[in-house]
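A.B. asks: To be precise about what I am sending: the file is called data_28.cif and holds mmCIF, C-alpha atoms.
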```cif
data_structure
#
loop_
_atom_site.group_PDB
_atom_site.id
_atom_site.type_symbol
_atom_site.label_atom_id
_atom_site.label_comp_id
_atom_site.auth_asym_id
_atom_site.auth_seq_id
_atom_site.Cartn_x
_atom_site.Cartn_y
_atom_site.Cartn_z
ATOM 1 C CA MET V 29 36.699 -90.891 93.337
ATOM 2 C CA LEU V 30 33.573 -92.187 95.165
ATOM 3 C CA VAL V 31 35.292 -95.477 96.012
ATOM 4 C CA GLU V 32 38.193 -93.587 97.655
ATOM 5 C CA VAL V 33 35.704 -91.552 99.753
ATOM 6 C CA ILE V 34 33.965 -94.777 100.865
ATOM 7 C CA GLY V 35 37.326 -96.385 101.654
ATOM 8 C CA PHE V 36 38.338 -93.306 103.613
ATOM 9 C CA LEU V 37 35.028 -93.202 105.580
ATOM 10 C CA ALA V 38 35.163 -96.958 106.198
ATOM 11 C CA GLY V 39 38.674 -96.520 107.504
ATOM 12 C CA ILE V 40 37.692 -93.601 109.759
ATOM 13 C CA PHE V 41 34.914 -95.674 111.398
ATOM 14 C CA THR V 42 36.955 -98.866 111.818
ATOM 15 C CA THR V 43 39.921 -96.826 113.084
ATOM 16 C CA LEU V 44 37.871 -94.692 115.501
ATOM 17 C CA ALA V 45 35.928 -97.771 116.643
ATOM 18 C CA ALA V 46 38.538 -98.587 119.296
ATOM 19 C CA LEU V 47 38.577 -95.005 120.632
ATOM 20 C CA PRO V 48 35.318 -95.072 122.667
ATOM 21 C CA GLN V 49 36.469 -98.336 124.280
ATOM 22 C CA ILE V 50 39.880 -96.819 125.064
ATOM 23 C CA ILE V 51 38.251 -93.720 126.640
ATOM 24 C CA ARG V 52 35.769 -95.834 128.619
ATOM 25 C CA THR V 53 38.502 -98.162 129.910
ATOM 26 C CA PHE V 54 40.809 -95.246 130.745
ATOM 27 C CA LYS V 55 37.984 -93.677 132.839
ATOM 28 C CA GLU V 56 36.623 -96.829 134.487
ATOM 29 C CA LYS V 57 39.872 -98.835 134.777
ATOM 30 C CA LYS V 58 37.638 -101.961 134.491
ATOM 31 C CA VAL V 59 38.351 -104.645 131.902
ATOM 32 C CA GLU V 60 36.792 -107.875 133.263
ATOM 33 C CA ASN V 61 34.171 -108.240 130.522
ATOM 34 C CA ILE V 62 36.641 -107.476 127.727
ATOM 35 C CA SER V 63 38.328 -110.300 125.798
ATOM 36 C CA SER V 64 42.123 -109.976 125.297
ATOM 37 C CA TYR V 65 41.886 -112.402 122.372
ATOM 38 C CA MET V 66 39.680 -109.927 120.522
ATOM 39 C CA PHE V 67 42.341 -107.209 120.660
ATOM 40 C CA ILE V 68 45.184 -109.647 119.969
ATOM 41 C CA ALA V 69 43.355 -110.849 116.855
ATOM 42 C CA LEU V 70 42.555 -107.237 115.867
ATOM 43 C CA CYS V 71 46.210 -106.205 116.198
ATOM 44 C CA ILE V 72 47.377 -109.145 114.063
ATOM 45 C CA GLY V 73 44.555 -108.570 111.563
ATOM 46 C CA VAL V 74 44.972 -104.829 111.029
ATOM 47 C CA GLY V 75 48.742 -105.326 110.995
ATOM 48 C CA LEU V 76 48.338 -107.747 108.085
ATOM 49 C CA TRP V 77 45.851 -105.353 106.411
ATOM 50 C CA THR V 78 48.545 -102.666 106.611
ATOM 51 C CA VAL V 79 50.979 -104.996 104.816
ATOM 52 C CA TYR V 80 48.204 -105.798 102.291
ATOM 53 C CA GLY V 81 47.666 -102.077 101.675
ATOM 54 C CA ILE V 82 51.415 -101.475 101.211
ATOM 55 C CA MET V 83 51.652 -104.301 98.665
ATOM 56 C CA LYS V 84 48.661 -102.852 96.778
ATOM 57 C CA ALA V 85 49.842 -99.242 97.298
ATOM 58 C CA ASP V 86 46.323 -98.545 98.607
ATOM 59 C CA TRP V 87 46.643 -95.497 100.874
ATOM 60 C CA PRO V 88 43.186 -95.647 102.538
ATOM 61 C CA ILE V 89 43.978 -99.206 103.705
ATOM 62 C CA ILE V 90 47.538 -98.341 104.847
ATOM 63 C CA LEU V 91 46.658 -95.238 106.900
ATOM 64 C CA THR V 92 43.498 -96.569 108.522
ATOM 65 C CA ASN V 93 44.841 -99.995 109.485
ATOM 66 C CA GLY V 94 48.171 -98.581 110.664
ATOM 67 C CA THR V 95 46.361 -96.189 113.016
ATOM 68 C CA SER V 96 43.983 -98.961 114.063
ATOM 69 C CA PHE V 97 46.987 -101.124 114.938
ATOM 70 C CA ILE V 98 48.176 -98.439 117.389
ATOM 71 C CA LEU V 99 44.724 -97.920 118.977
ATOM 72 C CA ASN V 100 44.078 -101.655 119.399
ATOM 73 C CA GLY V 101 47.573 -101.975 120.822
ATOM 74 C CA ILE V 102 46.689 -99.326 123.435
ATOM 75 C CA MET V 103 43.535 -101.283 124.334
ATOM 76 C CA LEU V 104 45.591 -104.466 124.716
ATOM 77 C CA PHE V 105 48.003 -102.587 126.983
ATOM 78 C CA PHE V 106 45.047 -101.329 129.090
ATOM 79 C CA LYS V 107 43.612 -104.852 129.296
ATOM 80 C CA LYS V 108 46.940 -106.148 130.685
ATOM 81 C CA LYS V 109 47.474 -103.138 132.954
ATOM 82 C CA TYR V 110 44.052 -102.963 134.577
ATOM 83 C CA SER V 111 43.621 -106.776 134.811
ATOM 84 C CA VAL V 112 46.864 -107.206 136.752
ATOM 85 C CA LYS V 113 46.093 -104.215 139.063
ATOM 86 C CA ARG V 114 42.798 -105.782 140.200
ATOM 87 C CA LYS V 115 44.522 -109.045 141.269
ATOM 88 C CA ASN V 116 47.072 -107.230 143.492
ATOM 89 C CA SER V 117 44.654 -104.733 144.994
ATOM 90 C CA PRO V 118 43.880 -105.639 148.633
ATOM 91 C CA SER V 119 40.029 -105.437 148.395
ATOM 92 C CA MET R 23 49.299 -114.538 94.867
ATOM 93 C CA LEU R 24 51.106 -113.596 98.126
ATOM 94 C CA VAL R 25 49.067 -110.387 98.482
ATOM 95 C CA GLU R 26 45.813 -112.378 98.238
ATOM 96 C CA VAL R 27 47.035 -114.777 100.959
ATOM 97 C CA ILE R 28 47.916 -111.814 103.211
ATOM 98 C CA GLY R 29 44.525 -110.198 102.512
ATOM 99 C CA PHE R 30 42.804 -113.480 103.271
ATOM 100 C CA LEU R 31 44.746 -113.991 106.557
ATOM 101 C CA ALA R 32 44.186 -110.341 107.550
ATOM 102 C CA GLY R 33 40.507 -110.830 106.914
ATOM 103 C CA ILE R 34 40.376 -114.064 108.929
ATOM 104 C CA PHE R 35 41.949 -112.356 111.983
ATOM 105 C CA THR R 36 39.843 -109.180 111.813
ATOM 106 C CA THR R 37 36.719 -111.281 111.172
ATOM 107 C CA LEU R 38 37.416 -113.794 113.952
ATOM 108 C CA ALA R 39 38.466 -110.973 116.314
ATOM 109 C CA ALA R 40 34.852 -110.439 117.458
ATOM 110 C CA LEU R 41 34.308 -114.157 118.107
ATOM 111 C CA PRO R 42 36.178 -114.491 121.433
ATOM 112 C CA GLN R 43 34.283 -111.442 122.740
ATOM 113 C CA ILE R 44 30.963 -112.927 121.553
ATOM 114 C CA ILE R 45 31.726 -116.269 123.250
ATOM 115 C CA ARG R 46 32.863 -114.562 126.473
ATOM 116 C CA THR R 47 29.771 -112.323 126.578
ATOM 117 C CA PHE R 48 27.450 -115.251 125.786
ATOM 118 C CA LYS R 49 28.956 -117.183 128.734
ATOM 119 C CA GLU R 50 29.250 -114.344 131.253
ATOM 120 C CA LYS R 51 26.194 -112.289 130.227
ATOM 121 C CA LYS R 52 28.167 -109.214 131.488
ATOM 122 C CA VAL R 53 28.716 -106.174 129.278
ATOM 123 C CA GLU R 54 29.293 -103.237 131.656
ATOM 124 C CA ASN R 55 32.907 -102.592 130.608
ATOM 125 C CA ILE R 56 32.138 -102.866 126.899
ATOM 126 C CA SER R 57 31.473 -99.739 124.806
ATOM 127 C CA SER R 58 28.414 -99.851 122.487
ATOM 128 C CA TYR R 59 29.958 -97.071 120.403
ATOM 129 C CA MET R 60 32.867 -99.338 119.545
ATOM 130 C CA PHE R 61 30.563 -101.946 117.988
ATOM 131 C CA ILE R 62 28.332 -99.336 116.348
ATOM 132 C CA ALA R 63 31.396 -97.776 114.715
ATOM 133 C CA LEU R 64 32.697 -101.246 113.747
ATOM 134 C CA CYS R 65 29.362 -102.173 112.129
ATOM 135 C CA ILE R 66 29.278 -98.934 110.127
ATOM 136 C CA GLY R 67 32.976 -99.261 109.242
ATOM 137 C CA VAL R 68 32.994 -102.882 108.064
ATOM 138 C CA GLY R 69 29.689 -102.230 106.295
ATOM 139 C CA LEU R 70 31.367 -99.454 104.311
ATOM 140 C CA TRP R 71 34.462 -101.675 103.726
ATOM 141 C CA THR R 72 32.082 -104.274 102.227
ATOM 142 C CA VAL R 73 30.729 -101.623 99.821
ATOM 143 C CA TYR R 74 34.348 -100.586 99.085
ATOM 144 C CA GLY R 75 35.236 -104.200 98.287
ATOM 145 C CA ILE R 76 32.207 -104.594 96.007
ATOM 146 C CA MET R 77 33.136 -101.438 94.072
ATOM 147 C CA LYS R 78 36.724 -102.729 93.691
ATOM 148 C CA ALA R 79 35.554 -106.321 93.077
ATOM 149 C CA ASP R 80 38.034 -107.322 95.795
ATOM 150 C CA TRP R 81 36.770 -110.647 97.186
ATOM 151 C CA PRO R 82 38.995 -110.841 100.316
ATOM 152 C CA ILE R 83 37.611 -107.461 101.442
ATOM 153 C CA ILE R 84 33.973 -108.360 100.596
ATOM 154 C CA LEU R 85 33.865 -111.733 102.347
ATOM 155 C CA THR R 86 35.787 -110.747 105.460
ATOM 156 C CA ASN R 87 34.031 -107.453 106.121
ATOM 157 C CA GLY R 88 30.595 -108.895 105.343
ATOM 158 C CA THR R 89 31.136 -111.641 107.909
ATOM 159 C CA SER R 90 32.612 -109.136 110.344
ATOM 160 C CA PHE R 91 29.481 -107.024 109.959
ATOM 161 C CA ILE R 92 27.349 -109.962 111.126
ATOM 162 C CA LEU R 93 29.623 -110.822 114.093
ATOM 163 C CA ASN R 94 29.850 -107.207 115.284
ATOM 164 C CA GLY R 95 26.089 -106.961 114.875
ATOM 165 C CA ILE R 96 25.698 -109.970 117.182
ATOM 166 C CA MET R 97 27.950 -108.285 119.757
ATOM 167 C CA LEU R 98 25.851 -105.119 119.544
ATOM 168 C CA PHE R 99 22.714 -107.201 120.082
ATOM 169 C CA PHE R 100 24.325 -108.838 123.149
ATOM 170 C CA LYS R 101 25.360 -105.443 124.505
ATOM 171 C CA LYS R 102 21.736 -104.234 124.285
ATOM 172 C CA LYS R 103 20.278 -107.502 125.564
ATOM 173 C CA TYR R 104 22.490 -108.019 128.600
ATOM 174 C CA SER R 105 22.620 -104.291 129.526
ATOM 175 C CA VAL R 106 18.824 -104.016 129.713
ATOM 176 C CA LYS R 107 18.491 -107.329 131.640
ATOM 177 C CA ARG R 108 20.750 -106.056 134.453
ATOM 178 C CA LYS R 109 18.593 -102.882 134.998
ATOM 179 C CA ASN R 110 15.365 -104.916 135.406
ATOM 180 C CA SER R 111 16.848 -107.686 137.504
ATOM 181 C CA PRO R 112 15.764 -107.342 141.194
ATOM 182 C CA SER R 113 19.252 -107.723 142.733
#
```
What would you get if you wrote out this structure as structure tokens?
C.D. replies:
Amino acid sequence: MLVEVIGFLAGIFTTLAALPQIIRTFKEKKVENISSYMFIALCIGVGLWTVYGIMKADWPIILTNGTSFILNGIMLFFKKKYSVKRKNSPS
Amino acid sequence: MLVEVIGFLAGIFTTLAALPQIIRTFKEKKVENISSYMFIALCIGVGLWTVYGIMKADWPIILTNGTSFILNGIMLFFKKKYSVKRKNSPS
């Protein structure tokens, strides 16, 4: 039982980790200091962890990494969107 | 066997994910767009995943999340270091 609680909490933190960055980027629309490769690697990594969890039928791993895949994907989308915008903007 | 390979690869990607951001920040010394809360949550999360792995005696989870804890800790250190520097700098 305890191990499931720890897995669940671990998953909550690693899943929510991308959220403050998503909110900050959505507000500021600035992404220069952020590395795309980090979020590409995170998407591939948590995607594989989701497969790992499915193969082990380990629900904490499946749910947390699946959600994390979506959030990191949003961050990657923001990185592309706000990087391109800056290049075209006249200033 | 296959599941261990997937867990190992997943771990490599999620562990290495912080590296490009660490290298970029080390070069640029700029952290304004980066959220501290993301790396605080990541440190807590992968720390708990390491405990989860120990309790399940699951080596892919232990090694990858332990290393990830160190890398995310470095990023957190950089965020503090380069944020403070900018406030004091005369320009």
A.B. asks: Output as a ChimeraX atom specification the set of chain V residues within 10 Å of chain R, with distances taken over all atoms listed in the file.
C.D. replies: /V:30-53,56-84,89
A.B. asks: Please produce a file of the residues just selected, as a compact mmCIF listing (two decimals), in the frame of the given file, where the atoms kept are C-alpha atoms.
C.D. replies:
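This went into part_23.txt:
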```
# COMPACT_ATOMS: atom_id res chain seq x y z
CA LEU V 30 33.57 -92.19 95.16
CA VAL V 31 35.29 -95.48 96.01
CA GLU V 32 38.19 -93.59 97.66
CA VAL V 33 35.70 -91.55 99.75
CA ILE V 34 33.97 -94.78 100.86
CA GLY V 35 37.33 -96.38 101.65
CA PHE V 36 38.34 -93.31 103.61
CA LEU V 37 35.03 -93.20 105.58
CA ALA V 38 35.16 -96.96 106.20
CA GLY V 39 38.67 -96.52 107.50
CA ILE V 40 37.69 -93.60 109.76
CA PHE V 41 34.91 -95.67 111.40
CA THR V 42 36.96 -98.87 111.82
CA THR V 43 39.92 -96.83 113.08
CA LEU V 44 37.87 -94.69 115.50
CA ALA V 45 35.93 -97.77 116.64
CA ALA V 46 38.54 -98.59 119.30
CA LEU V 47 38.58 -95.00 120.63
CA PRO V 48 35.32 -95.07 122.67
CA GLN V 49 36.47 -98.34 124.28
CA ILE V 50 39.88 -96.82 125.06
CA ILE V 51 38.25 -93.72 126.64
CA ARG V 52 35.77 -95.83 128.62
CA THR V 53 38.50 -98.16 129.91
CA GLU V 56 36.62 -96.83 134.49
CA LYS V 57 39.87 -98.84 134.78
CA LYS V 58 37.64 -101.96 134.49
CA VAL V 59 38.35 -104.64 131.90
CA GLU V 60 36.79 -107.88 133.26
CA ASN V 61 34.17 -108.24 130.52
CA ILE V 62 36.64 -107.48 127.73
CA SER V 63 38.33 -110.30 125.80
CA SER V 64 42.12 -109.98 125.30
CA TYR V 65 41.89 -112.40 122.37
CA MET V 66 39.68 -109.93 120.52
CA PHE V 67 42.34 -107.21 120.66
CA ILE V 68 45.18 -109.65 119.97
CA ALA V 69 43.36 -110.85 116.86
CA LEU V 70 42.56 -107.24 115.87
CA CYS V 71 46.21 -106.20 116.20
CA ILE V 72 47.38 -109.14 114.06
CA GLY V 73 44.56 -108.57 111.56
CA VAL V 74 44.97 -104.83 111.03
CA GLY V 75 48.74 -105.33 111.00
CA LEU V 76 48.34 -107.75 108.08
CA TRP V 77 45.85 -105.35 106.41
CA THR V 78 48.54 -102.67 106.61
CA VAL V 79 50.98 -105.00 104.82
CA TYR V 80 48.20 -105.80 102.29
CA GLY V 81 47.67 -102.08 101.68
CA ILE V 82 51.42 -101.48 101.21
CA MET V 83 51.65 -104.30 98.66
CA LYS V 84 48.66 -102.85 96.78
CA ILE V 89 43.98 -99.21 103.70
```
A.B. asks: Could you check how far CA of Met23 in chain R sits from CA of Asp86 in chain V, in Å to one decimal?
C.D. replies: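 CA of Asp86 in chain V lies 16.7 Å from CA of Met23 in chain R.
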A.B. asks: Could you check how far CA of Leu98 in chain R sits from CA of Phe48 in chain R, in Å to one decimal?
C.D. replies: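 According to the coordinates, CA of Leu98 in chain R and CA of Phe48 in chain R are separated by 12.0 Å.
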